[in-house]
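See structure below.
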Amino acid sequence: MKDEEECDLRELSFTPVHAPVIALGTHVAGSSRKSSRRSLAHLFSSRFPEIRDGLNQVAEVLDPSEAVNFDPQREEADPLQANTLILQFLAFTRLPQAGVGMGWPSCVHFTFQLYRFPPVSSQPLRLVEAEGWHGPADPCVLLPVNAGGAPRLGAPGLQLQYCVDPTTLKPGERVWFLRYLALHSLHIDVWDSDSLLLIGSAAVELKHVLRQGRPAVQVCHELEIITTEYLQDIAVATGQAAAVSVYTTVKGRLHMRLGNIGSMVQATPSPVTLLPPSRSSVVWPGPTAGGFQGGSLSAHAVLGLQARNTRTRRAQRLPEIDGELASLLQSRIREVGRALSQVRGETEEVRQRKMDRMAAVHQQENTTPTRQDKTTSVSQQRREERVRHAADLHVIEVYRERCKAEGITTMLSQAITATHTLYATLATAEFFEFVLKNPFNVPQTVTIECDDPELSIIVKAEEWRYFKDLTKTSTPLEAEMFHLKGSGSAPQLYLRPKESVHIPLKYQTFLSGLSWPSKDTSSLKKAESAQYTSKQQSNTILAKSIRAIFRAEDGQPLAICQVRVEPTPHVVDQTFRFYQPELNFLKKAIRLPPAAASRADGHASLHVRCSDPSVICHASSAAPGEPQDIYLKVPGAPSPQIKKFFITVFTDPWLASPAQIWQVYVHYLQRLDVSCVCGTRSWHSLVLRGTQTIRKVQCYTSHPLDLQVDPGEVFALPALAVQDIRLGVRLLRSGASFRYVTAVDVDTRQLVAAWLLSITCRQPVVSRAFEIRVPVGEGRGSTKKLSFTNPYSSSREFRLCSDHPDLLQFKEEHFQVEGGESYSIGLRFAPSQSPGTQEILIFINDVEEKNEETYCIRVVYR
């Protein structure tokens with residue numbers, strides 16, 4: 001028994017049974033294509049608003065297929081420093097989709113985020129066919145709708161405007177904004193406004209809106225709306241988990257126009273605002289602008305400094321004094337304040353009336369004071385006042401002495417503080433060196449402390465050399481410079497007398513520190529026409545300040561490096577959306593193409609980081625020429641929550657700059673497993689639970705031709721009640737697939753519940769099989785007839801359908817046959833231009849859509 005427990009277990013190689021998701025890059029989220037002349041003529045005949053410059057001239061039209069040469073110096077020399085970015089959503093082209101009708105979608109809306117402006121969720125837009133354009137591939141004009149869902153009158157399309165000028169940007173941010181336009185793409189998610197289901201995503205490059213000295217530019221794009229779908233194969237007989245095939249499909253095309261109008265800056269910015277930030281990697285110590293500027297450190301100077309503080313600031317600092325002194329000073333302040341307010345509010349007439357009333361009271365009590373008593377009373381009051389005044393002076397003196405010490409400490413601290421500004425991006429390391437000098441004539445062992453883990457000291461010489469080569473910093477490099485007592489201890493450094501050294505520091509964050517303000521309707525100014533303007537303010541990502549303190553052996557600081565971090569937007573190379581059952585872990589593998597060897601053993605090395613600490617991700621090691629997989633494990637959440645995070649992929653060993661940044665959305669839904677037979681409608685039950693209040697709800701499906709819900713209209717969902725939703729499923733093709741059902745509040749347009757349907761459809765038993773030969777290239781199909789006999793003794797009604805409605809049409813889809821009699825089914829086969837063989841199934845169902853018989857026809861095109 002002991003030998004069995006001590007035997008070694010050998011781990012076997014394991015290959016995941018699910019196919020990994022392929023990371024294909026930014027172009028997968030939607031590619032831009034050049035619109036046809038027919039589409040352009042159709043669009044511009046719909047009276048969309050024009051883009052004009054400040055002189056009322058039409059903006060210069062650019063070709064989206066032409067290359068753009070970005071010249072930063074030309075942008076800086078442009079006298080029109082203000083930019084007005086215009087986004088116009090013009091039209092939507094529907095494409096035939098399986099399981100949906102030709103009129104889907106009927107109403108859409110868009111969500112996106114431009115630069116560091118707040119995320120935008122547009123208003124619903126109705127798809128309307130223009131006059132004379134009724135083809136299935138013709139674009140539908142987008143019209144904003146009112147509260148009732150009807151299109152509003154006015155100019156078609158939706159227009160958004162963003163005003164960006166130096167007065168609304170942070171110091172030096174304009175350079176980064178121009179780089180954002182030159183390098184980034186705008187990712188747009190397109191949603192069905194009725195069902196609140198995602199249609200797909202598109203991406204458009206922003207480089208064409210760079211004016212390059214021109215007064216105004218505009219460019220038209222026709223973007224493919226692409227979504228990722230999952231087709232699950234039926235599980236094999238061995239009981240292994242089913243593999244999931246992933247593929248992308250085009251759901252439609254979005255027609256939009258981008259523009260940029262230049263204008264003069266209304267308010268002249270200060271020279272400090274126009275100066276770009278220093279890009280030097282070496283920070284020298286020295287006093288800052290807010291530090292000690294020289295002069296006396298006397299009590300008068302300290303009192304002058306305290307006089308600039310507000311009364312609230314002084315009240316907040318009172319608890320720092322002893323309790324007795326604080327209470328005396330606070331009571332005296334209240335007393336003096338009341339006296340001053342009374343003196344200011346009283347007039348001479350009021351004071352005289354009070355004195356007369358007091359004299360009348362003394363006369364009634366027969367205690368009229370004599371002149372001597374009055375003199376004695378006044379002297380006593382003066383003595384008491386002098387005592388109180390002396391006590392107040394003592395309290396003020398103590399308070400002033402303490403403030404003096406604090407003021408001196410603050411000024412000395414500012415004198416040794418050097419400030420450095422970083423414009424940091426997600427997962428990108430910002431390297432710089434701080435010059436530290438020992439001002440004493442004796443050696444010092446300096447301890448380096450930092451109040452933020454995202455700012456770290458580079459203690460390895462190899463990493464230091466890598467960043468110096470990366471930033472081209474020609475400063476001395478010293479190996480084994482720091483001493484570490486333990487894994488969590490602060491690094492220490494030995495300095496000789498009057499010696500100066502360069503301390504390497506690195507700032508890097510893997511957290512997406514976005515902080516958006518609350519929704520304010522005043523920031524969205526809606527015009528009377530069908531377009532509205534969004535003039536959101538920039539800089540919505542909060543900045544922070546970090547301090548690195550260099551302490552001597554006695555604990556006093558030698559120098560302080562204050563780092564101001566200004567977050568900037570990052571590039572999103574690809575967006576992934578996963579639909580997962582609620583409260584279950586999501587486990588996925590994302591595959592990257594083969595990479596070159598980056599390790600000493602010849603294997604390629606990848607490193608991944610996630611912005612969500614609760615998500616586990618790691619990369620597998622692969623030999624050169626083999627693909628690499630990145631594995632994710634995401635914790636579950638209740639339905640219908642959505643988890644969003646970023647994954648950064650690095651190829652360099654020191655994680656200096658990410659090679660790719662992925663944006664991941666995980667939609668959590670209630671799961672229902674459905675098993676059915678092709679051509680037969682089966683009914684299932686969904687449980688919808690009510691919320692705290694009564695709501696008007698309507699249910700929608702992702703494939704209305706395959707799924708049917710009852711009730712299909714708007715119904716009232718009582719508070720804290722349970723509503724039973726009947727779901728009818730009828731698929732025409734076998735296999736395993738996913739479908740979605742949503743329950744939407746029609747008043748607030750909020751998602752109440754969502755279901756993920758995992759459907760397994762089996763092939764029916766084929767009762768009869770036929771073969772037909774159809775000629776190729778004649779431009780016409782073939783007509784045939786099949787005989788069907790009613791097996792029942794009574795008259796029955798039957799319905800016909802096929803799994804390839806595009807290849808086979810029926811003369812009559814409904815027919816009635818008497819008991820025992822036969823009926824000839826008329827068939828019409830569509831022509832084909834290429835030879836081949838296609839099998840078509842014909843389902844003969846009863847009125848309840850139960851399958852009576854199934855015919856299989858093999859069509860041979862030759």
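Each chain in the structure tokens gets a letter, A, B, ..., in the order shown, and its residues are numbered from 1; ligands are numbered from 1 in order too.
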DSSP strand (DSSP E) residues within segment 648-800 of chain A, listed as a PyMOL selection string: chain A and resi 648-650+660-677+682-689+695-701+707-710+715-717+722-729+735-745+750-762+768-774+782-789+796-800
Shell of 9 Å around segment 495-508 of chain A, only C-alpha atoms, local chain residues under 2 positions omitted, as a PyMOL selection string: chain A and resi 282+422+424-446+453-459+464+475-477+493+510+565+656
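From atom CA of Asp573 of chain A back to atom CA of Tyr740 of chain A, the distance works out to 27.3 Å.
Taking only C-alpha atoms into account, Glu848 of chain A lies nearest to A:Gly679 out of the set A:Ala753, A:Ser787, A:Gly679, A:Asp803.
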Gln641 of chain A surroundings by only C-alpha atoms, 9 Å radius, close-in-sequence under 4 positions cut, as a VMD selection string: chain A and resid 582 637 666 to 669
Nearest candidate to Ser605 of chain A (options A:Gln580, A:Thr854, A:Ser794, A:Thr651; using only C-alpha atoms): A:Thr651
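The coordinates place atom CA of Trp191 of chain A at 15.2 Å from atom CA of Leu158 of chain A.
With distances restricted to only C-alpha atoms, A:Leu705 is the closest residue to Met102 of chain A from A:Leu511, A:Val145, A:Ile772, A:Leu705.
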Using only C-alpha atoms, determine which residues lie at most 6 Å from segment 118-125 of chain A, disregarding the query and same-chain residues fewer than 2 positions distant; provide the list as a compact mmCIF listing (two decimals) with all heavy atoms, in the first residue's frame.
# COMPACT_ATOMS: atom_id res chain seq x y z
N CYS A 107 -34.73 48.40 -37.09
CA CYS A 107 -34.31 49.56 -36.30
C CYS A 107 -32.97 49.21 -35.64
O CYS A 107 -32.84 48.14 -35.04
CB CYS A 107 -35.36 49.91 -35.25
SG CYS A 107 -35.10 51.49 -34.41
N VAL A 108 -32.00 50.10 -35.75
CA VAL A 108 -30.66 49.84 -35.22
C VAL A 108 -30.19 51.03 -34.40
O VAL A 108 -30.73 52.15 -34.50
CB VAL A 108 -29.65 49.56 -36.36
CG1 VAL A 108 -30.02 48.35 -37.15
CG2 VAL A 108 -29.51 50.78 -37.27
N HIS A 109 -29.18 50.79 -33.57
CA HIS A 109 -28.47 51.87 -32.89
C HIS A 109 -27.01 51.45 -32.75
O HIS A 109 -26.66 50.28 -32.90
CB HIS A 109 -29.09 52.22 -31.54
CG HIS A 109 -28.95 51.15 -30.50
ND1 HIS A 109 -29.83 50.10 -30.38
CD2 HIS A 109 -28.02 50.95 -29.52
CE1 HIS A 109 -29.47 49.31 -29.39
NE2 HIS A 109 -28.36 49.80 -28.86
N PHE A 110 -26.14 52.41 -32.44
CA PHE A 110 -24.70 52.20 -32.46
C PHE A 110 -24.10 52.57 -31.10
O PHE A 110 -24.57 53.49 -30.43
CB PHE A 110 -24.03 53.06 -33.55
CG PHE A 110 -24.67 52.94 -34.90
CD1 PHE A 110 -25.56 53.89 -35.35
CD2 PHE A 110 -24.41 51.85 -35.71
CE1 PHE A 110 -26.17 53.78 -36.59
CE2 PHE A 110 -25.01 51.72 -36.95
CZ PHE A 110 -25.89 52.69 -37.39
N THR A 111 -23.06 51.83 -30.73
CA THR A 111 -22.28 52.14 -29.53
C THR A 111 -20.81 52.16 -29.92
O THR A 111 -20.34 51.28 -30.65
CB THR A 111 -22.51 51.10 -28.42
OG1 THR A 111 -22.18 49.80 -28.91
CG2 THR A 111 -23.96 51.10 -27.96
N PHE A 112 -20.09 53.15 -29.42
CA PHE A 112 -18.67 53.28 -29.71
C PHE A 112 -18.07 54.26 -28.72
O PHE A 112 -18.78 54.90 -27.93
CB PHE A 112 -18.43 53.77 -31.16
CG PHE A 112 -19.03 55.13 -31.44
CD1 PHE A 112 -18.29 56.29 -31.25
CD2 PHE A 112 -20.33 55.25 -31.90
CE1 PHE A 112 -18.84 57.54 -31.50
CE2 PHE A 112 -20.89 56.48 -32.17
CZ PHE A 112 -20.14 57.63 -31.96
N GLN A 113 -16.76 54.38 -28.76
CA GLN A 113 -16.03 55.34 -27.94
C GLN A 113 -14.92 55.96 -28.77
O GLN A 113 -14.06 55.24 -29.30
CB GLN A 113 -15.44 54.68 -26.69
CG GLN A 113 -14.69 55.66 -25.81
CD GLN A 113 -13.94 54.98 -24.70
OE1 GLN A 113 -14.17 53.81 -24.42
NE2 GLN A 113 -13.04 55.70 -24.05
N LEU A 142 -31.15 55.78 -42.94
CA LEU A 142 -31.37 55.77 -41.50
C LEU A 142 -32.09 57.04 -41.09
O LEU A 142 -31.65 58.15 -41.41
CB LEU A 142 -30.04 55.66 -40.75
CG LEU A 142 -29.23 54.38 -41.00
CD1 LEU A 142 -27.90 54.45 -40.27
CD2 LEU A 142 -30.01 53.16 -40.56
N LEU A 143 -33.19 56.88 -40.36
CA LEU A 143 -33.98 58.01 -39.89
C LEU A 143 -34.17 57.89 -38.38
O LEU A 143 -34.59 56.82 -37.89
CB LEU A 143 -35.35 58.06 -40.57
CG LEU A 143 -35.38 58.39 -42.06
CD1 LEU A 143 -36.82 58.39 -42.57
CD2 LEU A 143 -34.72 59.73 -42.35
N PRO A 144 -33.86 58.94 -37.61
CA PRO A 144 -34.14 58.90 -36.17
C PRO A 144 -35.64 58.77 -35.92
O PRO A 144 -36.46 59.23 -36.69
CB PRO A 144 -33.60 60.23 -35.66
CG PRO A 144 -32.63 60.69 -36.70
CD PRO A 144 -33.15 60.18 -38.00
N VAL A 145 -35.98 58.09 -34.83
CA VAL A 145 -37.38 57.85 -34.49
C VAL A 145 -37.71 58.60 -33.21
O VAL A 145 -36.84 58.94 -32.40
CB VAL A 145 -37.65 56.34 -34.32
CG1 VAL A 145 -37.38 55.61 -35.61
CG2 VAL A 145 -36.79 55.76 -33.20
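Residues in contact range of His255 of chain A, defined as at most 7 Å between only C-alpha atoms, with sequence neighbours fewer than 5 positions away removed, read Phe89, Leu90, Ala91, Phe92, His221, Glu222 and Leu223 of chain A.
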Set out as a Markdown table a contact list for segment 47-72 of chain A and segment 202-209 of chain A with a cut-off of 10 Å, giving each residue of segment 47-72 of chain A that qualifies its closest atom pair and distance in Å to one decimal, counting only C-alpha atoms, ordered by chain and rising residue number.
| residue | atom | partner | partner_atom | distance |
| --- | --- | --- | --- | --- |
| A:Leu62 | CA | A:His208 | CA | 7.4 |
| A:Asp63 | CA | A:His208 | CA | 8.5 |
| A:Pro64 | CA | A:His208 | CA | 7.1 |
| A:Ser65 | CA | A:His208 | CA | 9.8 |
| A:Glu66 | CA | A:His208 | CA | 9.0 |
| A:Ala67 | CA | A:His208 | CA | 8.7 |
| A:Val68 | CA | A:His208 | CA | 6.8 |
| A:Asn69 | CA | A:Lys207 | CA | 9.0 |
| A:Phe70 | CA | A:Lys207 | CA | 8.1 |
